[in-house]
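> Handing over final-v5.txt, compact mmCIF, C-alpha atoms.
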# COMPACT_ATOMS: atom_id res chain seq x y z
CA MET A 1 -24.98 13.32 47.79
CA GLY A 2 -27.82 13.96 45.40
CA ARG A 3 -29.73 10.87 46.45
CA ALA A 4 -28.17 10.14 49.82
CA PRO A 5 -30.82 8.84 52.23
CA ALA A 6 -29.22 10.85 55.03
CA PHE A 7 -30.50 14.01 53.35
CA TRP A 8 -33.81 12.70 52.03
CA THR A 9 -35.48 12.34 55.38
CA GLU A 10 -39.25 12.48 55.63
CA GLU A 11 -38.94 15.97 57.15
CA ASN A 12 -36.71 17.35 54.37
CA THR A 13 -38.87 15.78 51.70
CA LYS A 14 -42.02 17.37 53.09
CA LEU A 15 -40.26 20.72 53.44
CA MET A 16 -39.28 20.59 49.82
CA GLN A 17 -42.66 19.44 48.58
CA LYS A 18 -44.21 22.46 50.24
CA ASN A 19 -41.60 25.16 49.77
CA VAL A 20 -39.51 24.71 46.64
CA VAL A 21 -39.78 24.05 42.93
CA ALA A 22 -37.47 21.11 42.26
CA VAL A 23 -35.68 20.90 38.94
CA SER A 24 -33.13 18.42 37.71
CA LEU A 25 -30.59 19.14 35.00
CA SER A 26 -27.43 17.82 33.44
CA VAL A 27 -24.10 19.59 33.56
CA LEU A 28 -24.20 19.43 29.78
CA GLU A 29 -26.77 22.21 30.03
CA TYR A 30 -24.17 24.51 31.56
CA ASP A 31 -22.95 25.11 28.01
CA ARG A 32 -26.35 26.10 26.66
CA THR A 33 -26.17 29.28 24.64
CA ASP A 34 -29.82 30.15 25.29
CA ALA A 35 -31.60 31.78 28.24
CA VAL A 36 -31.15 28.69 30.41
CA GLY A 37 -27.38 28.76 29.98
CA GLN A 38 -27.34 32.50 30.63
CA PHE A 39 -29.24 32.01 33.90
CA LEU A 40 -26.85 29.26 35.00
CA ARG A 41 -23.82 31.41 34.27
CA ASP A 42 -25.24 34.60 35.76
CA SER A 43 -26.24 32.86 38.98
CA GLY A 44 -22.86 31.18 39.42
CA ILE A 45 -24.24 27.65 39.35
CA THR A 46 -21.76 26.76 36.64
CA THR A 47 -18.79 27.20 38.97
CA ARG A 48 -17.89 23.53 38.62
CA LYS A 49 -19.24 20.86 36.30
CA LEU A 50 -19.88 18.24 38.93
CA GLU A 51 -22.67 15.74 39.26
CA GLY A 52 -24.52 15.54 42.53
CA CYS A 53 -24.46 19.30 43.10
CA LEU A 54 -27.46 20.76 44.89
CA TRP A 55 -28.38 24.39 44.74
CA CYS A 56 -31.13 26.42 46.34
CA VAL A 57 -31.49 29.54 44.23
CA THR A 58 -34.04 32.28 43.72
CA PRO A 59 -35.95 32.59 40.44
CA GLY A 60 -33.89 35.74 39.87
CA GLY A 61 -30.62 33.83 40.20
CA LYS A 62 -29.38 34.50 43.75
CA ILE A 63 -27.82 31.41 45.32
CA LEU A 64 -29.16 30.77 48.82
CA GLU A 65 -27.33 27.53 49.63
CA SER A 66 -25.35 24.76 47.96
CA ASN A 67 -23.64 21.55 48.96
CA LEU A 68 -20.65 22.66 46.94
CA VAL A 69 -17.80 24.45 48.64
CA VAL A 70 -15.15 26.24 46.64
CA GLU A 71 -12.26 27.58 48.70
CA LYS A 72 -8.93 28.75 47.33
CA GLY A 73 -9.68 27.06 44.04
CA LYS A 74 -10.42 23.69 45.65
CA THR A 75 -13.83 22.09 45.41
CA SER A 76 -15.45 19.86 47.99
CA PHE A 77 -18.91 18.70 48.94
CA LYS A 78 -20.62 19.33 52.23
CA ARG A 79 -22.35 16.24 53.56
CA GLU A 80 -25.69 18.00 53.22
CA ILE A 81 -27.18 21.17 51.88
CA ASP A 82 -28.63 23.36 54.63
CA LEU A 83 -32.23 23.30 53.50
CA LYS A 84 -33.70 25.06 56.51
CA GLY A 85 -31.00 27.71 56.28
CA ALA A 86 -31.83 28.24 52.63
CA LEU A 87 -35.51 28.69 53.39
CA GLU A 88 -34.69 31.16 56.18
CA LYS A 89 -32.58 33.18 53.75
CA TRP A 90 -35.46 33.05 51.28
CA GLN A 91 -37.88 34.43 53.85
CA ALA A 92 -35.45 37.21 54.69
CA LEU A 93 -35.37 38.48 51.12
CA PRO A 94 -37.35 41.60 50.20
CA GLU A 95 -40.77 41.06 48.68
CA THR A 96 -39.44 42.26 45.35
CA GLU A 97 -37.36 39.08 45.11
CA ARG A 98 -39.71 36.48 46.48
CA ALA A 99 -43.39 37.50 46.37
CA PRO A 100 -45.51 35.51 43.90
CA GLY A 101 -45.30 37.24 40.55
CA ALA A 102 -42.70 39.78 41.68
CA VAL A 103 -39.94 38.35 39.51
CA LYS A 104 -40.67 38.30 35.82
CA VAL A 105 -39.19 35.46 33.81
CA GLY A 106 -39.43 36.17 30.13
CA ALA A 107 -39.85 33.83 27.22
CA LEU A 108 -37.18 31.23 26.62
CA GLY A 109 -36.58 32.19 23.04
CA ALA A 110 -34.56 30.00 20.72
CA VAL A 111 -33.47 26.74 22.36
CA ASP A 112 -29.92 25.45 22.14
CA ARG A 113 -30.81 21.92 21.06
CA GLN A 114 -27.20 20.79 21.08
CA HIS A 115 -26.99 21.13 24.85
CA ALA A 116 -30.62 20.96 25.99
CA VAL A 117 -32.03 17.77 27.47
CA LEU A 118 -33.31 15.38 24.81
CA THR A 119 -37.05 15.04 24.55
CA PRO A 120 -38.78 11.87 23.34
CA PRO A 121 -39.91 12.14 19.71
CA PRO A 122 -43.70 12.27 19.17
CA GLY A 123 -45.29 8.83 19.46
CA THR A 124 -42.48 7.43 21.62
CA LEU A 125 -43.48 4.68 24.03
CA ILE A 126 -41.74 5.29 27.35
CA LEU A 127 -40.85 2.50 29.75
CA LYS A 128 -39.74 3.22 33.30
CA VAL A 129 -36.83 0.97 34.25
CA TYR A 130 -35.55 0.13 37.72
CA TYR A 131 -32.37 -1.74 38.62
CA LEU A 132 -31.95 -3.38 42.02
CA ALA A 133 -29.07 -5.44 43.35
CA PHE A 134 -29.88 -8.14 45.89
CA MET A 135 -27.77 -10.37 48.10
CA ARG A 136 -28.20 -14.09 48.27
CA GLU A 137 -28.32 -15.79 51.65
CA GLY A 138 -28.46 -19.48 51.06
CA THR A 139 -31.60 -19.92 49.01
CA GLN A 140 -33.01 -16.53 50.00
CA LEU A 141 -32.60 -13.02 48.65
CA ARG A 142 -32.33 -9.86 50.67
CA TYR A 143 -31.51 -6.19 50.18
CA LEU A 144 -27.97 -4.89 50.36
CA THR A 145 -26.49 -3.52 53.54
CA GLU A 146 -23.36 -1.47 54.07
CA ASP A 147 -21.28 -4.58 54.81
CA ASP A 148 -22.14 -6.15 51.48
CA LEU A 149 -20.24 -3.66 49.35
CA TRP A 150 -16.56 -4.39 49.04
CA TYR A 151 -13.95 -2.02 47.66
CA ASP A 152 -11.30 -4.66 47.23
CA GLU A 153 -11.33 -8.31 46.30
CA LYS A 154 -11.24 -9.70 49.83
CA GLY A 155 -13.57 -7.30 51.55
CA ASP A 156 -11.02 -5.54 53.75
CA LYS A 157 -12.53 -2.24 52.66
CA THR A 158 -16.29 -2.11 52.89
CA GLU A 159 -18.86 0.64 52.65
CA ALA A 160 -19.50 0.24 56.38
CA LYS A 161 -15.91 1.21 57.12
CA LEU A 162 -15.84 4.31 54.95
CA VAL A 163 -15.77 7.63 56.74
CA ASN A 164 -18.00 9.39 54.24
CA LYS A 165 -20.57 6.73 53.49
CA ARG A 166 -22.29 7.01 50.16
CA ILE A 167 -24.56 4.03 50.50
CA THR A 168 -26.98 4.87 47.72
CA THR A 169 -26.39 1.59 45.93
CA PRO A 170 -29.17 -0.32 47.73
CA GLN A 171 -31.79 1.98 46.23
CA ALA A 172 -33.62 0.90 43.09
CA HIS A 173 -32.05 2.99 40.36
CA PRO A 174 -34.28 4.48 37.70
CA ASP A 175 -33.81 4.79 33.99
CA HIS A 176 -36.03 4.87 30.92
CA MET A 177 -36.28 2.92 27.71
CA TRP A 178 -37.73 4.58 24.65
CA LEU A 179 -39.39 2.79 21.77
CA ALA A 180 -39.95 4.91 18.69
CA GLU A 181 -43.44 4.74 17.23
CA ALA A 182 -42.37 2.51 14.35
CA GLU A 183 -40.56 0.22 16.78
CA TRP A 184 -43.41 -0.46 19.20
CA LYS A 185 -45.81 -0.89 16.31
CA SER A 186 -43.50 -3.56 14.90
CA LEU A 187 -44.01 -5.65 18.01
CA MET A 188 -47.64 -6.29 17.13
CA PRO A 189 -48.34 -8.85 14.37
CA ALA A 190 -50.93 -7.87 11.78
CA ASN A 191 -53.11 -10.91 12.41
CA PRO A 192 -52.28 -12.26 15.84
CA ARG A 193 -53.34 -15.81 16.64
CA PRO A 194 -52.87 -17.53 20.00
CA GLY A 195 -49.69 -19.58 19.95
CA ASP A 196 -47.92 -17.51 17.31
CA LYS A 197 -44.30 -17.07 18.30
CA PHE A 198 -41.76 -14.74 16.73
CA PRO A 199 -38.44 -13.11 17.63
CA VAL A 200 -38.38 -9.60 19.05
CA PRO A 201 -37.33 -7.31 16.16
CA ALA A 202 -33.56 -7.14 16.01
CA GLY A 203 -33.18 -3.41 16.61
CA ILE A 204 -35.33 -3.46 19.73
CA ALA A 205 -33.70 -6.63 21.05
CA ASP A 206 -30.25 -5.22 20.50
CA ARG A 207 -30.99 -1.99 22.35
CA LEU A 208 -32.81 -3.76 25.14
CA VAL A 209 -29.92 -6.16 25.71
CA ARG A 210 -26.93 -3.90 25.22
CA ARG A 211 -28.33 -0.75 26.79
CA HIS A 212 -30.95 -1.75 29.30
CA LEU A 213 -29.64 -5.09 30.57
CA ASN A 214 -26.26 -3.47 31.04
CA PRO A 215 -25.56 -3.79 34.77
CA ARG A 216 -23.04 -1.01 34.52
CA SER A 217 -25.49 1.49 33.10
CA VAL A 218 -26.71 2.99 36.32
CA TYR A 219 -24.19 1.68 38.76
CA ASP A 220 -20.95 3.03 37.44
CA GLY A 221 -21.98 5.54 34.84
CA HIS A 222 -21.32 3.31 31.84
CA SER A 223 -24.66 4.11 30.27
CA ASP A 224 -23.91 4.27 26.58
CA GLY A 225 -24.54 0.58 26.12
CA LEU A 226 -22.34 -2.46 25.85
CA ASP A 227 -20.07 -3.24 22.95
CA ARG A 228 -21.28 -6.09 20.78
CA ASP A 229 -18.35 -8.20 22.01
CA SER A 230 -19.84 -8.10 25.51
CA VAL A 231 -22.89 -10.06 24.40
CA ARG A 232 -22.03 -13.78 24.54
CA ALA A 233 -25.62 -14.83 23.88
CA ALA A 234 -29.05 -13.22 23.73
CA GLU A 235 -32.45 -14.40 22.60
CA LEU A 236 -35.80 -12.67 22.96
CA SER A 237 -39.14 -13.89 21.64
CA LEU A 238 -42.78 -12.91 21.78
CA THR A 239 -45.69 -15.33 21.95
CA VAL A 240 -49.32 -14.43 21.39
CA GLU A 241 -51.11 -15.74 24.47
CA ALA A 242 -54.65 -14.51 23.94
CA VAL A 243 -56.66 -12.54 21.41
CA ALA A 244 -59.93 -10.81 22.29
CA ALA A 245 -61.89 -7.92 20.84
CA GLY A 246 -60.39 -5.34 23.18
CA LYS A 247 -57.06 -6.90 24.06
CA VAL A 248 -54.20 -8.89 22.61
CA ARG A 249 -51.89 -10.39 25.20
CA LEU A 250 -48.26 -11.14 24.38
CA ARG A 251 -45.66 -12.91 26.46
CA LEU A 252 -41.97 -12.06 26.18
CA ASP A 253 -39.38 -14.71 27.03
CA GLY A 254 -35.65 -14.43 26.79
CA HIS A 255 -32.21 -14.70 28.24
CA ALA A 256 -28.83 -13.08 27.84
CA LYS A 257 -25.24 -13.83 28.73
CA LEU A 258 -23.28 -10.62 29.06
CA GLY A 259 -19.67 -9.84 29.91
CA LYS A 260 -17.35 -12.54 31.19
CA GLN A 261 -17.96 -15.85 32.85
CA PRO A 262 -17.06 -15.78 36.56
CA SER A 263 -13.78 -17.28 37.70
CA PRO A 264 -13.93 -20.29 40.05
CA THR A 265 -13.03 -18.10 43.04
CA VAL A 266 -15.78 -15.62 42.20
CA LEU A 267 -18.23 -18.44 41.61
CA ALA A 268 -17.37 -19.87 45.00
CA GLY A 269 -18.16 -16.52 46.59
CA LYS A 270 -14.66 -16.08 47.96
CA ILE A 271 -13.83 -12.76 46.33
CA ALA A 272 -15.51 -9.74 44.85
CA SER A 273 -14.50 -9.21 41.25
CA MET A 274 -13.21 -5.69 40.86
CA ASP A 275 -11.86 -5.85 37.31
CA GLN A 276 -14.25 -8.21 35.52
CA TRP A 277 -17.99 -8.33 35.23
CA GLY A 278 -20.74 -10.56 33.93
CA TYR A 279 -24.52 -10.81 34.03
CA GLU A 280 -26.76 -13.66 32.94
CA PRO A 281 -30.41 -12.64 33.25
CA LYS A 282 -33.55 -14.42 32.21
CA LEU A 283 -36.39 -12.25 30.96
CA LEU A 284 -40.11 -12.54 31.24
CA GLY A 285 -42.68 -9.97 30.19
CA PHE A 286 -46.39 -9.49 29.65
CA LEU A 287 -47.61 -7.00 27.08
CA GLU A 288 -51.19 -6.03 26.35
CA TYR A 289 -52.33 -4.24 23.21
CA ASP A 290 -55.66 -2.54 22.60
CA PRO A 291 -56.53 -2.97 18.89
CA GLN A 292 -59.17 -0.24 19.04
CA LYS A 293 -56.85 2.34 20.54
CA ARG A 294 -53.90 0.91 18.63
CA ALA A 295 -51.77 1.25 21.72
CA PHE A 296 -50.03 -0.87 24.29
CA THR A 297 -51.79 -0.66 27.64
CA ARG A 298 -49.36 -2.89 29.53
CA PHE A 299 -45.63 -3.43 29.03
CA ASP A 300 -44.31 -5.15 32.13
CA MET A 301 -41.01 -7.01 32.03
CA VAL A 302 -38.57 -8.44 34.57
CA ALA A 303 -34.96 -9.43 34.04
CA LEU A 304 -33.36 -11.40 36.84
CA GLY A 305 -30.07 -13.22 37.02
CA ASP A 306 -26.68 -13.47 38.61
CA GLN A 307 -24.16 -10.67 38.24
CA PHE A 308 -20.58 -10.22 39.35
CA GLY A 309 -18.39 -7.13 39.20
CA ARG A 310 -18.77 -3.58 40.35
CA VAL A 311 -22.18 -2.19 41.24
CA GLY A 312 -21.22 0.63 43.57
CA LEU A 313 -22.92 3.75 42.36
CA THR A 314 -20.23 6.00 40.85
CA ILE A 315 -17.56 4.73 43.20
CA GLY A 316 -17.38 1.18 42.07
CA ALA A 317 -17.90 -1.26 44.93
CA ALA A 318 -18.71 -4.89 44.23
CA ARG A 319 -20.60 -7.68 45.94
CA PRO A 320 -18.73 -10.88 46.78
CA GLY A 321 -19.33 -13.77 44.41
CA CYS A 322 -22.21 -13.87 41.97
CA GLN A 323 -25.29 -12.11 43.26
CA PRO A 324 -28.74 -11.42 41.83
CA LEU A 325 -29.54 -8.26 39.91
CA GLY A 326 -33.14 -7.52 38.99
CA ILE A 327 -34.44 -5.08 36.39
CA THR A 328 -38.07 -4.09 35.86
CA PHE A 329 -39.76 -2.33 32.97
CA GLU A 330 -43.20 -0.76 32.99
CA LEU A 331 -45.23 1.58 30.81
CA VAL A 332 -45.58 5.22 31.83
CA LYS A 333 -47.75 7.84 30.21
CA GLY A 334 -44.94 10.36 29.90
CA ASP A 335 -47.15 13.17 31.16
CA ARG A 336 -44.92 13.83 34.18
CA PRO A 337 -41.67 15.62 33.37
CA ALA A 338 -39.74 13.06 35.42
CA ASP A 339 -40.99 10.33 33.10
CA ARG A 340 -39.52 12.13 30.12
CA VAL A 341 -35.94 12.03 31.39
CA PRO A 342 -33.80 10.60 28.57
CA PRO A 343 -32.46 7.05 28.81
CA GLY A 344 -28.99 6.76 30.29
CA SER A 345 -26.87 9.75 29.45
CA ALA A 346 -28.35 10.18 25.99
CA SER A 347 -27.96 13.67 24.58
CA ALA A 348 -27.69 15.37 21.23
CA ALA A 349 -24.02 14.44 21.20
CA ARG A 350 -24.73 10.88 22.35
CA PRO A 351 -27.90 9.86 20.48
CA TYR A 352 -30.16 7.16 21.83
CA PHE A 353 -31.71 5.81 18.66
CA GLY A 354 -29.67 4.27 15.90
CA PRO A 355 -26.73 1.87 15.82
CA LYS A 356 -23.84 2.12 18.24
CA MET B 1 -29.56 4.09 55.43
CA SER B 2 -29.44 0.72 57.09
CA THR B 3 -32.24 1.76 59.41
CA THR B 4 -34.54 2.63 56.55
CA LYS B 5 -33.80 -0.70 54.90
CA LEU B 6 -34.57 -2.92 57.86
CA LYS B 7 -38.31 -3.10 57.36
CA PRO B 8 -38.27 -3.98 53.68
CA VAL B 9 -35.51 -6.54 54.25
CA ALA B 10 -37.72 -8.70 56.42
CA GLY B 11 -40.47 -8.67 53.85
CA ILE B 12 -38.29 -9.45 50.90
CA LEU B 13 -36.47 -12.27 52.66
CA LEU B 14 -39.72 -14.04 53.26
CA ALA B 15 -41.21 -13.32 49.88
CA VAL B 16 -38.25 -14.20 47.73
CA ASN B 17 -37.56 -17.28 49.79
CA LEU B 18 -40.80 -18.62 48.38
CA LEU B 19 -39.68 -17.80 44.87
CA MET B 20 -36.45 -19.65 45.33
CA GLY B 21 -38.02 -22.80 46.70
CA GLY B 22 -37.40 -22.25 50.41
CA GLY B 23 -35.00 -24.56 52.17
CA ALA B 24 -32.61 -24.14 55.05
CA ARG B 25 -30.55 -20.96 55.31
CA SER B 26 -26.90 -21.60 54.81
CA THR B 27 -24.10 -19.59 56.31
CA GLY B 28 -21.32 -17.84 54.45
CA LEU B 29 -21.54 -17.04 50.80
CA ALA B 30 -23.01 -20.13 49.27
CA GLN B 31 -23.62 -19.79 45.56
CA PRO B 32 -26.69 -21.72 44.46
CA SER B 33 -27.27 -22.17 40.79
CA PRO B 34 -28.95 -19.19 39.09
CA ASP B 35 -31.67 -21.62 38.12
CA ASP B 36 -32.80 -21.54 41.75
CA VAL B 37 -34.31 -18.11 41.11
CA LYS B 38 -37.64 -18.91 39.61
CA LEU B 39 -38.79 -16.16 37.31
CA ASN B 40 -42.07 -17.44 35.94
CA ALA B 41 -45.67 -16.38 35.49
CA ASP B 42 -46.49 -17.20 39.10
CA THR B 43 -43.64 -15.17 40.59
CA PHE B 44 -43.60 -12.38 38.02
CA SER B 45 -45.85 -9.85 39.73
CA GLN B 46 -44.17 -10.28 43.08
CA LEU B 47 -40.69 -9.82 41.64
CA HIS B 48 -41.79 -6.85 39.57
CA LYS B 49 -43.08 -5.20 42.71
CA GLN B 50 -40.05 -6.05 44.83
CA ILE B 51 -37.48 -4.69 42.42
CA ARG B 52 -39.24 -1.34 42.19
CA PRO B 53 -38.57 1.28 44.91
CA GLN B 54 -40.13 0.37 48.23
CA PRO B 55 -42.13 2.96 50.23
CA GLY B 56 -39.80 5.47 51.86
CA GLU B 57 -36.75 4.01 50.15
CA SER B 58 -36.00 6.84 47.72
CA ARG B 59 -37.87 9.90 48.91
CA TRP B 60 -36.21 12.03 46.25
CA LEU B 61 -38.51 10.25 43.83
CA GLU B 62 -41.51 11.68 45.68
CA LEU B 63 -40.90 15.23 44.47
CA PRO B 64 -42.66 16.54 41.36
CA TRP B 65 -39.37 17.16 39.58
CA LEU B 66 -39.22 19.37 36.54
CA ILE B 67 -36.50 18.86 33.94
CA ASP B 68 -36.86 22.22 32.20
CA LEU B 69 -35.03 24.94 34.14
CA HIS B 70 -36.77 27.78 32.37
CA ALA B 71 -40.22 26.36 33.07
CA ALA B 72 -39.12 25.79 36.66
CA ARG B 73 -38.05 29.42 37.00
CA GLN B 74 -41.40 30.59 35.67
CA LYS B 75 -43.26 28.34 38.07
CA ALA B 76 -41.09 29.37 41.03
CA ALA B 77 -41.53 33.06 40.25
CA ALA B 78 -45.29 32.72 39.88
CA GLU B 79 -45.67 30.75 43.12
CA GLY B 80 -43.14 32.74 45.15
CA LYS B 81 -40.80 29.83 45.87
CA PRO B 82 -37.08 29.22 45.49
CA LEU B 83 -35.68 26.66 43.09
CA PHE B 84 -34.03 23.49 44.26
CA VAL B 85 -31.59 22.43 41.54
CA LEU B 86 -30.00 18.99 41.31
CA SER B 87 -27.38 18.55 38.64
CA GLY B 88 -26.30 15.24 37.21
CA GLY B 89 -23.29 14.34 35.11
CA GLY B 90 -24.00 13.21 31.58
CA ALA B 91 -27.57 12.45 32.60
CA THR B 92 -30.04 14.66 34.40
CA GLY B 93 -29.77 14.39 38.16
CA ILE B 94 -32.86 12.24 38.53
CA GLY B 95 -31.98 9.97 35.63
CA ALA B 96 -29.57 7.12 35.31
CA CYS B 97 -26.25 7.78 36.97
Translate the structure of the given file into structure tokens.

Amino acid sequence: MGRAPAFWTEENTKLMQKNVVAVSLSVLEYDRTDAVGQFLRDSGITTRKLEGCLWCVTPGGKILESNLVVEKGKTSFKREIDLKGALEKWQALPETERAPGAVKVGALGAVDRQHAVLTPPPGTLILKVYYLAFMREGTQLRYLTEDDLWYDEKGDKTEAKLVNKRITTPQAHPDHMWLAEAEWKSLMPANPRPGDKFPVPAGIADRLVRRHLNPRSVYDGHSDGLDRDSVRAAELSLTVEAVAAGKVRLRLDGHAKLGKQPSPTVLAGKIASMDQWGYEPKLLGFLEYDPQKRAFTRFDMVALGDQFGRVGLTIGAARPGCQPLGITFELVKGDRPADRVPPGSASAARPYFGPK
Amino acid sequence: MSTTKLKPVAGILLAVNLLMGGGARSTGLAQPSPDDVKLNADTFSQLHKQIRPQPGESRWLELPWLIDLHAARQKAAAEGKPLFVLSGGGATGIGAC
């Protein structure tokens, strides 16, 4: 529901841009012992720990609307949150609850770091990552449609036949990759010369492959990274392409073989694999480093290769046969809050940096 | 959803066809070799652009999301607006699912 295109119409999006303050959180925050957790509990937002819940709530904590319905102890989702209804209720409130400055929100005080959203350590280089599943038609690629997602091996159940369609899978799914300051600095040789070639440092390569080339990471919630046994092969290298006073250009090349090899029937495109998965991407990237600023100014990468297995967002549909999955990486400044969202489901309890 | 995808589909069919060497469209679920997908310096920029969200595809990305509820409350109170809260599972609602 949270990202369903049926709700995110142009009209609703404009209404929200103009009339609400949008905030995204994790249900892990429901357990915060600080002022944020108190607000969530006092307002009643913590009724159920479910992802995809939408709430329209006043700064003082009065719920105006939600897509969550709790009746006689049973929880269900409405297809949409009534946005216009929520805004009408907002307008009907007394000035003391809605006028600018009428509600006083005090200082946060001590933060419960165990349950708060992780923040990138100082000096972290942040890459925005997008995953997108394609379909192959002969020698062409195209976007997914509802008919492409199968919920059984032979395609008798498809997204198109579902009563409550949740076709969010065709969207490009976002994530982030973090490189600690010492890590991104290790990518740059001390005296770069055109033609120099060297492997990507092991720690970065390992995290890139197991965490960010993991096709399951955004599509079925398996975002902690792959086990080492799931990596059949992986190789990443950097080559110095050009050196100038204001710019050093590096090229990243690589490939990986992840998960299982497809069975003959999957390879022939006759079934959708529901219980196995595999992904064999090639990687190409172009990085630019400014020696004066001692900073990367470009960090673009693409991974593209065939994948089989489930890709249905949270509900586990699969595409028939082996189909392309593309992943992009690009540098962001990190000055927008949305760019500082932690990678995957990393949290204090599930750290991002360090061995897994 | 399918309606919003129709326009980009036409564009990406044409564009990626070039990347994969063109050729006649086959029917059914033919499985060309993965090597047919040419990821190289010439196709890099186009693929990078095509994998990213297309205009109008994910409008939820067009909001200036905050990820700090307390800061969001302060902003909402100061501006006289309600909060729109999206909760995710282990990740924040606008992060990886």
> Check every residue of chain A for an atom within 6 Å of chain B, counting only C-alpha atoms, and provide those that qualify as number ranges by chain.
A: 5, 8, 20-27, 51-59, 98-101, 103, 105, 130, 132, 138, 140-143, 172, 174-175, 218, 221, 269, 328, 337-338, 344-345
> Take CA of Arg113 in chain A and CA of Ala35 in chain A and report the distance between them in Å, one decimal.
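One can read the CA of Arg113 in chain A to CA of Ala35 in chain A distance as 12.2 Å.
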> Around (-13.7, -2.0, 52.9), as given in the file, which residues come within 12 Å? Count all atoms listed in the file and list them as a list in words.
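I get Glu146, Asp147, Asp148, Leu149, Trp150, Tyr151, Asp152, Glu153, Lys154, Gly155, Asp156, Lys157, Thr158, Glu159, Ala160, Lys161, Leu162, Val163, Lys165, Ala272, Gly316, Ala317, Ala318, Arg319 and Pro320 of chain A for the residues within 12 Å of that point.
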> Would you compute an axis-aligned box for range 185-199 of chain A, covering every atom listed for it in the file with 6 Å of margin on each side, and report centre and edge lengths in Å to one decimal as lines of an AutoDock Vina configuration file?

center_x = -45.9
center_y = -10.2
center_z = 15.9
size_x = 26.9
size_y = 30.7
size_z = 20.2
> If we count all atoms listed in the file, what is near range 121-126 of chain A at a cut-off of 6 Å, once residues fewer than 2 positions away on the same chain are taken out, given as a compact mmCIF listing (two decimals) with C-alpha atoms, in the coordinates of the input?

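Below is the file that was written, result.txt:
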# COMPACT_ATOMS: atom_id res chain seq x y z
CA MET A 177 -36.28 2.92 27.71
CA TRP A 178 -37.73 4.58 24.65
CA LEU A 179 -39.39 2.79 21.77
CA ALA A 180 -39.95 4.91 18.69
CA GLU A 181 -43.44 4.74 17.23
CA VAL A 332 -45.58 5.22 31.83
> Mind giving me the straight-line distance from CA of Val129 in chain A to CA of Lys260 in chain A in Å, one decimal?
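Calculated distance between CA of Val129 in chain A and CA of Lys260 in chain A is 23.9 Å.
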> Record the distance separating CA of Ser66 in chain A and CA of Glu88 in chain A, expressed in Å with one decimal.
14.0 Å
> Determine, counting all atoms listed in the file, every residue of protein, DNA or RNA that lies within 8 Å of (-38.8, -12.0, 33.4) in the file coordinates, then give the result as a list of chain:residue names.
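The residues near that point, listed by chain and number, are A:Leu252, A:Asp253, A:Gly254, A:Lys282, A:Leu283, A:Leu284, A:Gly285, A:Met301, A:Val302, A:Ala303, A:Leu304, B:Leu39, B:Asn40, B:Phe44.
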> Fewer than 3 positions away in the same chain doesn't count, so skip those; otherwise give me all residues within 12 Å of Ala202 in chain A, counting all atoms listed in the file, as an mmCIF file with C-alpha atoms, in the frame of the given file.

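As a result, selection-v3.cif now contains:
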data_model
loop_
_atom_site.group_PDB
_atom_site.id
_atom_site.type_symbol
_atom_site.label_atom_id
_atom_site.label_comp_id
_atom_site.auth_asym_id
_atom_site.auth_seq_id
_atom_site.Cartn_x
_atom_site.Cartn_y
_atom_site.Cartn_z
ATOM 1 C CA GLU A 183 -40.560 0.220 16.780
ATOM 2 C CA SER A 186 -43.500 -3.560 14.900
ATOM 3 C CA LEU A 187 -44.010 -5.650 18.010
ATOM 4 C CA PHE A 198 -41.760 -14.740 16.730
ATOM 5 C CA PRO A 199 -38.440 -13.110 17.630
ATOM 6 C CA ALA A 205 -33.700 -6.630 21.050
ATOM 7 C CA ASP A 206 -30.250 -5.220 20.500
ATOM 8 C CA ARG A 207 -30.990 -1.990 22.350
ATOM 9 C CA LEU A 208 -32.810 -3.760 25.140
ATOM 10 C CA VAL A 209 -29.920 -6.160 25.710
ATOM 11 C CA ARG A 210 -26.930 -3.900 25.220
ATOM 12 C CA ALA A 234 -29.050 -13.220 23.730
ATOM 13 C CA GLU A 235 -32.450 -14.400 22.600
ATOM 14 C CA LEU A 236 -35.800 -12.670 22.960
ATOM 15 C CA SER A 237 -39.140 -13.890 21.640
ATOM 16 C CA PRO A 355 -26.730 1.870 15.820
#
> Please list as number ranges by chain every residue within 6 Å of Leu144 in chain A, counting only C-alpha atoms and excluding residues in the same chain fewer than 4 positions away.
A: 134-135, 170
> Which neighbours of Tyr352 in chain A fall inside 8 Å, counting all atoms listed in the file, when residues of the same chain fewer than 3 positions from it are skipped, and could you give them as JSON, numbers by chain?
{"A": [343, 346, 347]}
> Which neighbours of His115 in chain A fall inside 7 Å, counting all atoms listed in the file, when residues of the same chain fewer than 6 positions from it are skipped, and could you give them as a list in words?
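Once the adjacent positions are removed, what remains is Leu28, Glu29, Asp31, Arg32 and Ala348 of chain A.
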> Between A:Gly246, A:Gly2, A:Pro194, A:Gly225, which has the minimum distance to Phe353 in chain A (counting all atoms listed in the file)?
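Closest residue, counting all atoms listed in the file: A:Gly225.
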